[in-house]
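Here's target-v4.txt, which has compact mmCIF, C-alpha atoms:
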```
# COMPACT_ATOMS: atom_id res chain seq x y z
CA MET A 21 25.65 -13.38 -93.33
CA ILE A 22 26.26 -16.02 -96.00
CA TYR A 23 24.51 -19.37 -95.65
CA LEU A 24 24.42 -22.55 -97.71
CA VAL A 25 21.44 -24.89 -97.46
CA VAL A 26 22.03 -28.30 -99.06
CA GLY A 27 18.82 -30.24 -99.68
CA ALA A 28 16.95 -26.99 -100.20
CA ASN A 29 14.12 -28.58 -102.17
CA GLY A 30 12.92 -30.78 -99.30
CA GLY A 31 10.19 -29.79 -96.89
CA ILE A 32 12.60 -28.77 -94.13
CA GLY A 33 15.25 -27.32 -96.45
CA SER A 34 12.81 -25.09 -98.33
CA GLU A 35 11.27 -23.85 -95.08
CA LEU A 36 14.74 -23.06 -93.76
CA CYS A 37 15.57 -21.08 -96.90
CA LEU A 38 12.41 -19.01 -96.49
CA ARG A 39 13.28 -18.30 -92.85
CA LEU A 40 16.91 -17.36 -93.52
CA ALA A 41 16.29 -15.15 -96.55
CA LYS A 42 16.10 -11.77 -94.82
CA PRO A 43 17.59 -8.37 -95.66
CA GLY A 44 21.34 -8.50 -95.29
CA VAL A 45 21.47 -12.29 -95.53
CA HIS A 46 22.55 -14.17 -98.66
CA VAL A 47 21.31 -17.76 -98.95
CA VAL A 48 22.61 -20.27 -101.50
CA ALA A 49 20.02 -23.00 -102.00
CA ALA A 50 21.51 -26.25 -103.32
CA SER A 51 19.76 -29.40 -104.48
CA ARG A 52 19.51 -31.78 -107.41
CA ASN A 53 16.29 -30.56 -109.04
CA SER A 54 17.02 -27.30 -110.86
CA GLU A 55 13.36 -26.67 -111.72
CA ARG A 56 12.26 -26.87 -108.10
CA LEU A 57 15.20 -24.68 -107.11
CA SER A 58 14.06 -22.06 -109.60
CA ALA A 59 10.56 -22.21 -108.12
CA LEU A 60 12.02 -21.71 -104.64
CA ALA A 61 14.12 -18.79 -105.86
CA ALA A 62 10.99 -17.21 -107.33
CA LYS A 63 9.43 -17.14 -103.84
CA THR A 64 12.36 -15.50 -102.11
CA SER A 65 15.83 -14.08 -102.68
CA VAL A 66 17.85 -17.31 -102.49
CA GLN A 67 20.54 -18.08 -105.05
CA PRO A 68 19.85 -21.50 -106.65
CA PHE A 69 22.78 -23.88 -107.13
CA PRO A 70 22.02 -27.32 -108.65
CA LEU A 71 24.26 -30.09 -107.32
CA ASP A 72 24.38 -33.72 -106.21
CA ALA A 73 25.13 -33.77 -102.47
CA THR A 74 26.79 -37.19 -102.80
CA ALA A 75 29.39 -35.85 -105.26
CA GLY A 76 32.34 -34.37 -103.42
CA GLY A 77 33.59 -32.39 -106.41
CA GLN A 78 30.24 -30.66 -106.78
CA ILE A 79 30.12 -29.73 -103.10
CA ASP A 80 33.67 -28.37 -103.35
CA GLY A 81 32.75 -26.37 -106.45
CA CYS A 82 29.72 -24.83 -104.78
CA ILE A 83 31.60 -23.76 -101.66
CA ASP A 84 34.58 -22.50 -103.67
CA LYS A 85 32.22 -20.33 -105.70
CA ILE A 86 30.62 -18.91 -102.56
CA ILE A 87 34.04 -18.02 -101.14
CA ASP A 88 35.10 -16.46 -104.45
CA GLN A 89 31.94 -14.34 -104.61
CA HIS A 90 31.51 -13.37 -100.97
CA GLY A 91 34.85 -13.97 -99.27
CA ARG A 92 33.36 -16.11 -96.53
CA LEU A 93 30.75 -18.70 -95.55
CA ASP A 94 29.07 -18.26 -92.17
CA GLY A 95 26.90 -21.37 -91.98
CA VAL A 96 25.98 -24.58 -93.75
CA ALA A 97 22.84 -26.64 -93.21
CA HIS A 98 22.67 -30.27 -94.30
CA CYS A 99 18.99 -31.00 -94.98
CA VAL A 100 19.54 -34.08 -97.13
CA GLY A 101 17.73 -37.31 -96.37
CA SER A 102 15.90 -40.41 -97.53
CA LEU A 103 13.59 -42.95 -95.93
CA VAL A 104 13.73 -46.74 -96.16
CA LEU A 105 11.36 -48.54 -93.81
CA LYS A 106 12.28 -52.21 -94.04
CA PRO A 107 13.78 -54.79 -91.71
CA ALA A 108 17.39 -55.63 -92.41
CA HIS A 109 16.61 -59.01 -93.98
CA LEU A 110 14.41 -57.36 -96.62
CA THR A 111 16.77 -54.48 -97.42
CA SER A 112 18.70 -54.94 -100.66
CA ASP A 113 22.34 -54.08 -101.21
CA GLU A 114 21.23 -51.24 -103.47
CA GLU A 115 18.84 -49.81 -100.86
CA TRP A 116 21.51 -50.00 -98.17
CA ALA A 117 24.13 -48.30 -100.33
CA ALA A 118 21.73 -45.56 -101.42
CA THR A 119 20.68 -44.89 -97.82
CA ILE A 120 24.27 -44.55 -96.62
CA ASP A 121 25.26 -42.46 -99.62
CA THR A 122 22.32 -40.07 -99.49
CA ASN A 123 22.44 -39.48 -95.75
CA LEU A 124 25.88 -40.18 -94.27
CA THR A 125 28.18 -39.65 -97.24
CA SER A 126 26.54 -36.34 -98.09
CA ALA A 127 26.99 -35.16 -94.50
CA PHE A 128 30.66 -36.16 -94.49
CA LEU A 129 31.33 -34.42 -97.81
CA ILE A 130 29.71 -31.23 -96.55
CA VAL A 131 31.77 -31.27 -93.36
CA ARG A 132 34.96 -31.96 -95.31
CA SER A 133 34.46 -29.19 -97.84
CA ALA A 134 32.94 -26.60 -95.50
CA SER A 135 35.60 -27.06 -92.85
CA ARG A 136 38.38 -26.48 -95.36
CA ALA A 137 36.87 -23.17 -96.36
CA MET A 138 35.49 -21.95 -93.04
CA MET A 139 38.70 -22.54 -91.07
CA LYS A 140 40.32 -19.96 -93.36
CA THR A 141 37.58 -17.36 -92.94
CA GLY A 142 37.04 -17.27 -89.18
CA GLY A 143 34.82 -20.28 -88.53
CA GLY A 144 31.05 -20.47 -88.41
CA SER A 145 28.37 -23.12 -87.97
CA ILE A 146 27.59 -26.46 -89.60
CA VAL A 147 24.28 -28.14 -88.80
CA LEU A 148 23.66 -31.73 -89.88
CA THR A 149 20.41 -33.69 -89.93
CA SER A 150 20.21 -36.95 -88.00
CA SER A 151 16.98 -38.61 -86.83
CA ALA A 152 15.15 -39.74 -83.73
CA ALA A 153 15.52 -43.22 -85.24
CA ALA A 154 19.23 -43.04 -84.40
CA ARG A 155 18.47 -42.44 -80.71
CA VAL A 156 15.66 -44.90 -79.99
CA GLY A 157 15.04 -48.36 -81.42
CA LEU A 158 12.26 -48.27 -84.02
CA ALA A 159 11.27 -51.42 -85.87
CA ASN A 160 12.06 -51.55 -89.60
CA HIS A 161 14.47 -48.61 -89.40
CA GLU A 162 17.78 -50.51 -89.53
CA ALA A 163 19.27 -48.86 -92.62
CA ILE A 164 18.19 -45.30 -91.93
CA ALA A 165 19.03 -45.62 -88.21
CA ALA A 166 22.55 -46.75 -89.11
CA ALA A 167 23.05 -43.87 -91.53
CA LYS A 168 21.64 -41.26 -89.18
CA GLY A 169 23.57 -42.74 -86.25
CA GLY A 170 26.73 -42.24 -88.28
CA ILE A 171 25.84 -38.57 -88.58
CA ILE A 172 25.78 -38.30 -84.78
CA GLY A 173 29.28 -39.76 -84.60
CA LEU A 174 30.43 -37.43 -87.37
CA THR A 175 28.97 -34.44 -85.54
CA LEU A 176 30.78 -35.21 -82.29
CA ALA A 177 34.13 -35.91 -83.92
CA ALA A 178 34.01 -32.85 -86.17
CA ALA A 179 33.02 -30.62 -83.25
CA ALA A 180 36.12 -31.81 -81.40
CA THR A 181 38.38 -31.39 -84.43
CA TYR A 182 37.32 -27.92 -85.49
CA GLY A 183 36.36 -26.24 -82.23
CA SER A 184 39.75 -24.51 -81.96
CA HIS A 185 39.02 -22.91 -85.34
CA ASN A 186 35.78 -21.34 -84.08
CA LEU A 187 33.85 -23.77 -86.25
CA ARG A 188 30.79 -25.21 -84.49
CA VAL A 189 29.26 -28.51 -85.57
CA ASN A 190 25.86 -29.60 -84.29
CA ALA A 191 23.00 -31.81 -85.42
CA ILE A 192 19.25 -31.97 -85.10
CA ALA A 193 17.38 -35.26 -84.75
CA PRO A 194 13.75 -34.91 -85.89
CA GLY A 195 10.88 -37.26 -85.27
CA LEU A 196 8.26 -37.83 -87.96
CA VAL A 197 7.78 -34.57 -89.88
CA ARG A 198 5.09 -33.86 -92.45
CA THR A 199 7.11 -33.44 -95.67
CA PRO A 200 6.93 -34.78 -99.23
CA LEU A 201 9.43 -37.48 -98.19
CA THR A 202 7.09 -38.85 -95.51
CA ALA A 203 3.85 -38.41 -97.47
CA ARG A 204 3.18 -42.13 -97.74
CA LEU A 205 3.14 -42.30 -93.94
CA THR A 206 1.29 -39.10 -93.17
CA LYS A 207 -1.42 -39.59 -95.81
CA SER A 208 -2.44 -42.93 -94.34
CA ASP A 209 -4.93 -42.40 -91.50
CA ALA A 210 -3.88 -45.60 -89.73
CA SER A 211 -0.15 -44.89 -90.02
CA LEU A 212 -0.57 -41.25 -89.02
CA LYS A 213 -2.64 -42.21 -85.97
CA ALA A 214 -0.04 -44.76 -84.84
CA SER A 215 2.84 -42.33 -85.38
CA THR A 216 1.08 -39.49 -83.59
CA ALA A 217 0.50 -41.71 -80.58
CA MET A 218 4.27 -42.20 -80.24
CA HIS A 219 4.88 -38.45 -79.85
CA ALA A 220 4.16 -37.15 -76.36
CA LEU A 221 2.99 -33.76 -77.65
CA GLY A 222 0.18 -35.43 -79.54
CA ARG A 223 1.14 -34.48 -83.06
CA ILE A 224 3.79 -35.10 -85.67
CA GLY A 225 6.20 -32.37 -86.65
CA GLU A 226 5.90 -29.66 -89.26
CA PRO A 227 8.85 -28.36 -91.34
CA ALA A 228 8.83 -25.09 -89.39
CA ASP A 229 9.46 -26.99 -86.13
CA VAL A 230 12.75 -28.35 -87.42
CA ALA A 231 13.79 -25.42 -89.60
CA GLY A 232 13.47 -23.13 -86.59
CA ALA A 233 15.95 -25.23 -84.63
CA ILE A 234 18.43 -25.31 -87.51
CA GLU A 235 18.12 -21.55 -88.00
CA TRP A 236 18.81 -21.04 -84.30
CA LEU A 237 21.96 -23.19 -84.37
CA LEU A 238 23.27 -21.36 -87.44
CA GLN A 239 23.13 -17.97 -85.76
CA PRO A 240 26.40 -16.48 -84.45
CA GLN A 241 24.65 -15.74 -81.14
CA GLN A 242 24.91 -19.48 -80.39
CA SER A 243 28.70 -19.16 -80.37
CA TRP A 244 29.18 -21.45 -77.33
CA ILE A 245 27.17 -24.41 -78.60
CA THR A 246 28.96 -27.24 -80.38
CA GLY A 247 28.94 -31.03 -80.43
CA GLN A 248 25.24 -31.17 -79.61
CA VAL A 249 22.52 -33.38 -81.08
CA ILE A 250 19.23 -31.66 -80.42
CA SER A 251 16.09 -33.77 -80.55
CA VAL A 252 13.25 -31.98 -82.29
CA ASP A 253 10.85 -34.88 -82.07
CA GLY A 254 7.84 -34.15 -79.87
CA GLY A 255 9.38 -36.34 -77.18
CA LEU A 256 9.62 -39.45 -79.39
CA SER A 257 13.17 -40.38 -78.36
CA THR A 258 12.88 -39.72 -74.63
CA VAL A 259 9.27 -39.70 -73.46
CA ARG A 260 6.64 -42.41 -73.29
CA PRO A 261 3.22 -40.75 -73.56
CA ARG A 262 0.30 -41.81 -71.43
CA ALA A 263 -1.98 -44.32 -73.10
CA SER A 264 -5.26 -42.92 -74.36
CA ALA A 265 -8.26 -43.60 -72.19
```
Rewrite the coordinates I just gave you, this time as structure tokens.
Amino acid sequence: MIYLVVGANGGIGSELCLRLAKPGVHVVAASRNSERLSALAAKTSVQPFPLDATAGGQIDGCIDKIIDQHGRLDGVAHCVGSLVLKPAHLTSDEEWAATIDTNLTSAFLIVRSASRAMMKTGGGSIVLTSSAAARVGLANHEAIAAAKGGIIGLTLAAAATYGSHNLRVNAIAPGLVRTPLTARLTKSDASLKASTAMHALGRIGEPADVAGAIEWLLQPQQSWITGQVISVDGGLSTVRPRASA
């Protein structure tokens, strides 16, 4: 099996790489920071590939190289993300553009490039990363909710377009996960307590919770699952927990 993980340096992406890197599986780990990629490669057998996920030419180059080297690409995971927690009236043009570019544009470019290649080699699986914030209204999440909501629309449309080519497109929608990206939230006792209370299972997520779901969707055994957005969020988007006594 040949897999590409874009955003491999993040908490979820790096955990996914560690889970996928098994005997007989080749994992290409792509991200901007080449030093952190080298550190990840030192822990496991992944092949590091520095790139900017918002640059279409770089995504194309990475996937073309994988096809040239291995003859196919079985799965791609989009683990790219950012976090802007501001109401719309306090969000600058630059913050809005960066949020859309980092999250939605990167997802579109991955679908565009991967679909071109994977249609020619028998299909496979693409898994994108949305957010619980795109499925339930959360205050001060306007920019990130819009970007992640766009990923849901992209997932559904691409699943319809490429299903006849045996190419499955799904997404996961995490709640709050303990990663370097969310450290300013999870390191604050007050913020962590408030966030935990919103999750019916009584805790926030860990990278392994989300990486496990992505790994599952990438596997060829899930050959009849496409166009799905799976909430991996401790119940945040659908369940209202009982108030503490």
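Put simply, CA of Thr175 (chain A) is 19.2 Å away from CA of Gly232 (chain A).
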Checklist entry - Could you name the residues that touch Ile79 (chain A) at 12 Å or less, counting all atoms listed in the file, but leaving out those on the same chain fewer than 2 positions away, as JSON, numbers by chain? => result {"A": [24, 25, 26, 27, 50, 51, 52, 69, 70, 71, 72, 73, 74, 75, 76, 77, 81, 82, 83, 84, 85, 86, 96, 98, 125, 126, 127, 128, 129, 130, 131, 132, 133, 134, 135, 136, 137]}
Which residues, written as a PDB file with C-alpha atoms, in the frame of the given file, have at least one atom at most 12 Å from Arg155 (chain A), with only C-alpha atoms counted and residues fewer than 6 positions away on the same chain left out?
```
ATOM      1  CA  HIS A 161      14.470 -48.610 -89.400  1.00  0.00           C
ATOM      2  CA  GLU A 162      17.780 -50.510 -89.530  1.00  0.00           C
ATOM      3  CA  ILE A 164      18.190 -45.300 -91.930  1.00  0.00           C
ATOM      4  CA  ALA A 165      19.030 -45.620 -88.210  1.00  0.00           C
ATOM      5  CA  ALA A 166      22.550 -46.750 -89.110  1.00  0.00           C
ATOM      6  CA  ALA A 167      23.050 -43.870 -91.530  1.00  0.00           C
ATOM      7  CA  LYS A 168      21.640 -41.260 -89.180  1.00  0.00           C
ATOM      8  CA  GLY A 169      23.570 -42.740 -86.250  1.00  0.00           C
ATOM      9  CA  GLY A 170      26.730 -42.240 -88.280  1.00  0.00           C
ATOM     10  CA  ILE A 171      25.840 -38.570 -88.580  1.00  0.00           C
ATOM     11  CA  ILE A 172      25.780 -38.300 -84.780  1.00  0.00           C
ATOM     12  CA  GLY A 173      29.280 -39.760 -84.600  1.00  0.00           C
ATOM     13  CA  ILE A 192      19.250 -31.970 -85.100  1.00  0.00           C
ATOM     14  CA  ALA A 193      17.380 -35.260 -84.750  1.00  0.00           C
ATOM     15  CA  PRO A 194      13.750 -34.910 -85.890  1.00  0.00           C
ATOM     16  CA  GLY A 195      10.880 -37.260 -85.270  1.00  0.00           C
ATOM     17  CA  VAL A 249      22.520 -33.380 -81.080  1.00  0.00           C
ATOM     18  CA  ILE A 250      19.230 -31.660 -80.420  1.00  0.00           C
ATOM     19  CA  SER A 251      16.090 -33.770 -80.550  1.00  0.00           C
ATOM     20  CA  VAL A 252      13.250 -31.980 -82.290  1.00  0.00           C
ATOM     21  CA  ASP A 253      10.850 -34.880 -82.070  1.00  0.00           C
ATOM     22  CA  GLY A 255       9.380 -36.340 -77.180  1.00  0.00           C
ATOM     23  CA  LEU A 256       9.620 -39.450 -79.390  1.00  0.00           C
ATOM     24  CA  SER A 257      13.170 -40.380 -78.360  1.00  0.00           C
ATOM     25  CA  THR A 258      12.880 -39.720 -74.630  1.00  0.00           C
TER      26      THR A 258
END
```
8 Å per side around region 139-142 of chain A: axis-aligned box centre and edge lengths, as AutoDock Vina command-line options:
```
--center_x 38.7 --center_y -19.9 --center_z -91.3 --size_x 19.3 --size_y 21.3 --size_z 20.2
```
Checklist entry - Between A:Arg56, A:Arg260, A:His219, A:His46, which is the closest to Gly30 (chain A) once you count only C-alpha atoms? => result A:Arg56
Checklist entry - Expressed in Å to a single decimal, how great is the separation between CA of Thr111 (chain A) and CA of Leu158 (chain A)? => result 15.4 Å
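Counting all atoms listed in the file and comparing A:Gly144, A:Gly247, A:Gly157, A:Gly101, the residue that lies closest to Thr202 (chain A) is A:Gly101.
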Item to check | Ala191 (chain A) surroundings by all atoms listed in the file, 6 Å radius, close-in-sequence under 5 positions cut, as a list in words | outcome: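 Result of the neighbour search: Val147, Leu148, Thr149 and Val249 of chain A.
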Item to check | Nearest residue to Asp229 (chain A) from the set A:Thr199, A:Gln78, A:Asn123, A:Ser58 (distances using all atoms listed in the file) | outcome: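 Checking each of A:Thr199, A:Gln78, A:Asn123, A:Ser58 against Asp229 (chain A), counting all atoms listed in the file, the winner is A:Thr199.
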Next on the checklist: Just the number, please: distance in Å from CA of Asn160 (chain A) to CA of Ala117 (chain A), one decimal.
Outcome noted: 16.5 Å
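Of the listed residues A:Ile22, A:Ala41, A:Val197, A:Ala203, the one whose atoms come nearest to Val230 (chain A) is A:Val197, with distances taken using all atoms listed in the file.
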Checklist entry - When distances are computed from all atoms listed in the file, which of A:Arg92, A:Lys207, A:Leu196, A:Cys99 shows the smallest separation from Ala152 (chain A)? => result A:Leu196
Checklist entry - Pick the closest to Thr119 (chain A) from A:Ala163, A:Lys213, A:Ile224, A:Pro107: which is it, counting all atoms listed in the file? => result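 Looking at the shortest contact to Thr119 (chain A), the residue is A:Ala163.
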Residue neighbourhood Leu36 (chain A), 9 Å, all atoms listed in the file, exclusion window fewer than 2 positions, as a compact mmCIF listing (two decimals) with C-alpha atoms, in the frame of the given file:
```txt
# COMPACT_ATOMS: atom_id res chain seq x y z
CA VAL A 25 21.44 -24.89 -97.46
CA ALA A 28 16.95 -26.99 -100.20
CA GLY A 31 10.19 -29.79 -96.89
CA ILE A 32 12.60 -28.77 -94.13
CA GLY A 33 15.25 -27.32 -96.45
CA SER A 34 12.81 -25.09 -98.33
CA LEU A 38 12.41 -19.01 -96.49
CA ARG A 39 13.28 -18.30 -92.85
CA LEU A 40 16.91 -17.36 -93.52
CA ALA A 41 16.29 -15.15 -96.55
CA ALA A 97 22.84 -26.64 -93.21
CA PRO A 227 8.85 -28.36 -91.34
CA ALA A 228 8.83 -25.09 -89.39
CA VAL A 230 12.75 -28.35 -87.42
CA ALA A 231 13.79 -25.42 -89.60
CA GLY A 232 13.47 -23.13 -86.59
CA ILE A 234 18.43 -25.31 -87.51
CA GLU A 235 18.12 -21.55 -88.00
```
Coordinates of region 144-156 of chain A, all heavy atoms, as a PDB file, in the first residue's frame:
```
ATOM      1  N   GLY A 144      -8.956   4.421  -5.071  1.00  0.00           N
ATOM      2  CA  GLY A 144      -8.357   4.454  -3.744  1.00  0.00           C
ATOM      3  C   GLY A 144      -9.211   5.276  -2.804  1.00  0.00           C
ATOM      4  O   GLY A 144     -10.431   5.365  -2.961  1.00  0.00           O
ATOM      5  N   SER A 145      -8.564   5.915  -1.836  1.00  0.00           N
ATOM      6  CA  SER A 145      -9.290   6.642  -0.792  1.00  0.00           C
ATOM      7  C   SER A 145      -8.646   7.987  -0.520  1.00  0.00           C
ATOM      8  O   SER A 145      -7.424   8.082  -0.376  1.00  0.00           O
ATOM      9  CB  SER A 145      -9.313   5.809   0.494  1.00  0.00           C
ATOM     10  OG  SER A 145      -9.915   6.524   1.553  1.00  0.00           O
ATOM     11  N   ILE A 146      -9.473   9.023  -0.432  1.00  0.00           N
ATOM     12  CA  ILE A 146      -9.043  10.352   0.000  1.00  0.00           C
ATOM     13  C   ILE A 146      -9.822  10.693   1.260  1.00  0.00           C
ATOM     14  O   ILE A 146     -11.049  10.570   1.289  1.00  0.00           O
ATOM     15  CB  ILE A 146      -9.307  11.421  -1.079  1.00  0.00           C
ATOM     16  CG1 ILE A 146      -8.526  11.108  -2.362  1.00  0.00           C
ATOM     17  CG2 ILE A 146      -8.928  12.807  -0.555  1.00  0.00           C
ATOM     18  CD1 ILE A 146      -8.864  12.032  -3.520  1.00  0.00           C
ATOM     19  N   VAL A 147      -9.120  11.108   2.300  1.00  0.00           N
ATOM     20  CA  VAL A 147      -9.770  11.500   3.545  1.00  0.00           C
ATOM     21  C   VAL A 147      -9.373  12.937   3.868  1.00  0.00           C
ATOM     22  O   VAL A 147      -8.186  13.250   3.986  1.00  0.00           O
ATOM     23  CB  VAL A 147      -9.376  10.579   4.723  1.00  0.00           C
ATOM     24  CG1 VAL A 147     -10.144  10.990   5.975  1.00  0.00           C
ATOM     25  CG2 VAL A 147      -9.661   9.120   4.382  1.00  0.00           C
ATOM     26  N   LEU A 148     -10.370  13.796   3.993  1.00  0.00           N
ATOM     27  CA  LEU A 148     -10.152  15.205   4.299  1.00  0.00           C
ATOM     28  C   LEU A 148     -10.487  15.477   5.763  1.00  0.00           C
ATOM     29  O   LEU A 148     -11.192  14.697   6.403  1.00  0.00           O
ATOM     30  CB  LEU A 148     -11.013  16.082   3.388  1.00  0.00           C
ATOM     31  CG  LEU A 148     -10.859  15.847   1.880  1.00  0.00           C
ATOM     32  CD1 LEU A 148     -11.813  16.752   1.110  1.00  0.00           C
ATOM     33  CD2 LEU A 148      -9.421  16.064   1.421  1.00  0.00           C
ATOM     34  N   THR A 149      -9.998  16.601   6.273  1.00  0.00           N
ATOM     35  CA  THR A 149     -10.250  16.962   7.662  1.00  0.00           C
ATOM     36  C   THR A 149     -11.135  18.198   7.740  1.00  0.00           C
ATOM     37  O   THR A 149     -10.729  19.293   7.345  1.00  0.00           O
ATOM     38  CB  THR A 149      -8.946  17.221   8.424  1.00  0.00           C
ATOM     39  OG1 THR A 149      -8.140  16.045   8.394  1.00  0.00           O
ATOM     40  CG2 THR A 149      -9.228  17.563   9.879  1.00  0.00           C
ATOM     41  N   SER A 150     -12.345  18.016   8.228  1.00  0.00           N
ATOM     42  CA  SER A 150     -13.254  19.120   8.505  1.00  0.00           C
ATOM     43  C   SER A 150     -13.186  19.430   9.998  1.00  0.00           C
ATOM     44  O   SER A 150     -12.112  19.367  10.597  1.00  0.00           O
ATOM     45  CB  SER A 150     -14.675  18.755   8.064  1.00  0.00           C
ATOM     46  OG  SER A 150     -15.563  19.821   8.286  1.00  0.00           O
ATOM     47  N   SER A 151     -14.310  19.750  10.623  1.00  0.00           N
ATOM     48  CA  SER A 151     -14.324  20.096  12.039  1.00  0.00           C
ATOM     49  C   SER A 151     -15.754  20.036  12.563  1.00  0.00           C
ATOM     50  O   SER A 151     -16.706  20.284  11.827  1.00  0.00           O
ATOM     51  CB  SER A 151     -13.769  21.510  12.254  1.00  0.00           C
ATOM     52  OG  SER A 151     -13.987  21.956  13.577  1.00  0.00           O
ATOM     53  N   ALA A 152     -15.866  19.735  13.850  1.00  0.00           N
ATOM     54  CA  ALA A 152     -17.181  19.809  14.486  1.00  0.00           C
ATOM     55  C   ALA A 152     -17.754  21.216  14.392  1.00  0.00           C
ATOM     56  O   ALA A 152     -18.974  21.401  14.387  1.00  0.00           O
ATOM     57  CB  ALA A 152     -17.075  19.379  15.945  1.00  0.00           C
ATOM     58  N   ALA A 153     -16.880  22.216  14.289  1.00  0.00           N
ATOM     59  CA  ALA A 153     -17.327  23.606  14.191  1.00  0.00           C
ATOM     60  C   ALA A 153     -18.116  23.872  12.919  1.00  0.00           C
ATOM     61  O   ALA A 153     -18.846  24.868  12.828  1.00  0.00           O
ATOM     62  CB  ALA A 153     -16.126  24.551  14.263  1.00  0.00           C
ATOM     63  N   ALA A 154     -17.983  22.999  11.922  1.00  0.00           N
ATOM     64  CA  ALA A 154     -18.749  23.137  10.688  1.00  0.00           C
ATOM     65  C   ALA A 154     -20.121  22.488  10.791  1.00  0.00           C
ATOM     66  O   ALA A 154     -20.952  22.636   9.893  1.00  0.00           O
ATOM     67  CB  ALA A 154     -17.980  22.513   9.524  1.00  0.00           C
ATOM     68  N   ARG A 155     -20.387  21.779  11.889  1.00  0.00           N
ATOM     69  CA  ARG A 155     -21.635  21.036  12.024  1.00  0.00           C
ATOM     70  C   ARG A 155     -22.502  21.537  13.162  1.00  0.00           C
ATOM     71  O   ARG A 155     -23.669  21.157  13.270  1.00  0.00           O
ATOM     72  CB  ARG A 155     -21.329  19.551  12.216  1.00  0.00           C
ATOM     73  CG  ARG A 155     -20.320  19.011  11.213  1.00  0.00           C
ATOM     74  CD  ARG A 155     -20.270  17.505  11.172  1.00  0.00           C
ATOM     75  NE  ARG A 155     -21.338  16.991  10.311  1.00  0.00           N
ATOM     76  CZ  ARG A 155     -21.477  15.705  10.006  1.00  0.00           C
ATOM     77  NH1 ARG A 155     -20.649  14.821  10.508  1.00  0.00           N
ATOM     78  NH2 ARG A 155     -22.464  15.308   9.215  1.00  0.00           N
ATOM     79  N   VAL A 156     -21.962  22.366  14.029  1.00  0.00           N
ATOM     80  CA  VAL A 156     -22.721  22.931  15.137  1.00  0.00           C
ATOM     81  C   VAL A 156     -22.228  24.360  15.347  1.00  0.00           C
ATOM     82  O   VAL A 156     -21.044  24.652  15.183  1.00  0.00           O
ATOM     83  CB  VAL A 156     -22.537  22.088  16.429  1.00  0.00           C
ATOM     84  CG1 VAL A 156     -21.083  22.053  16.869  1.00  0.00           C
ATOM     85  CG2 VAL A 156     -23.423  22.601  17.554  1.00  0.00           C
TER      86      VAL A 156
END
```
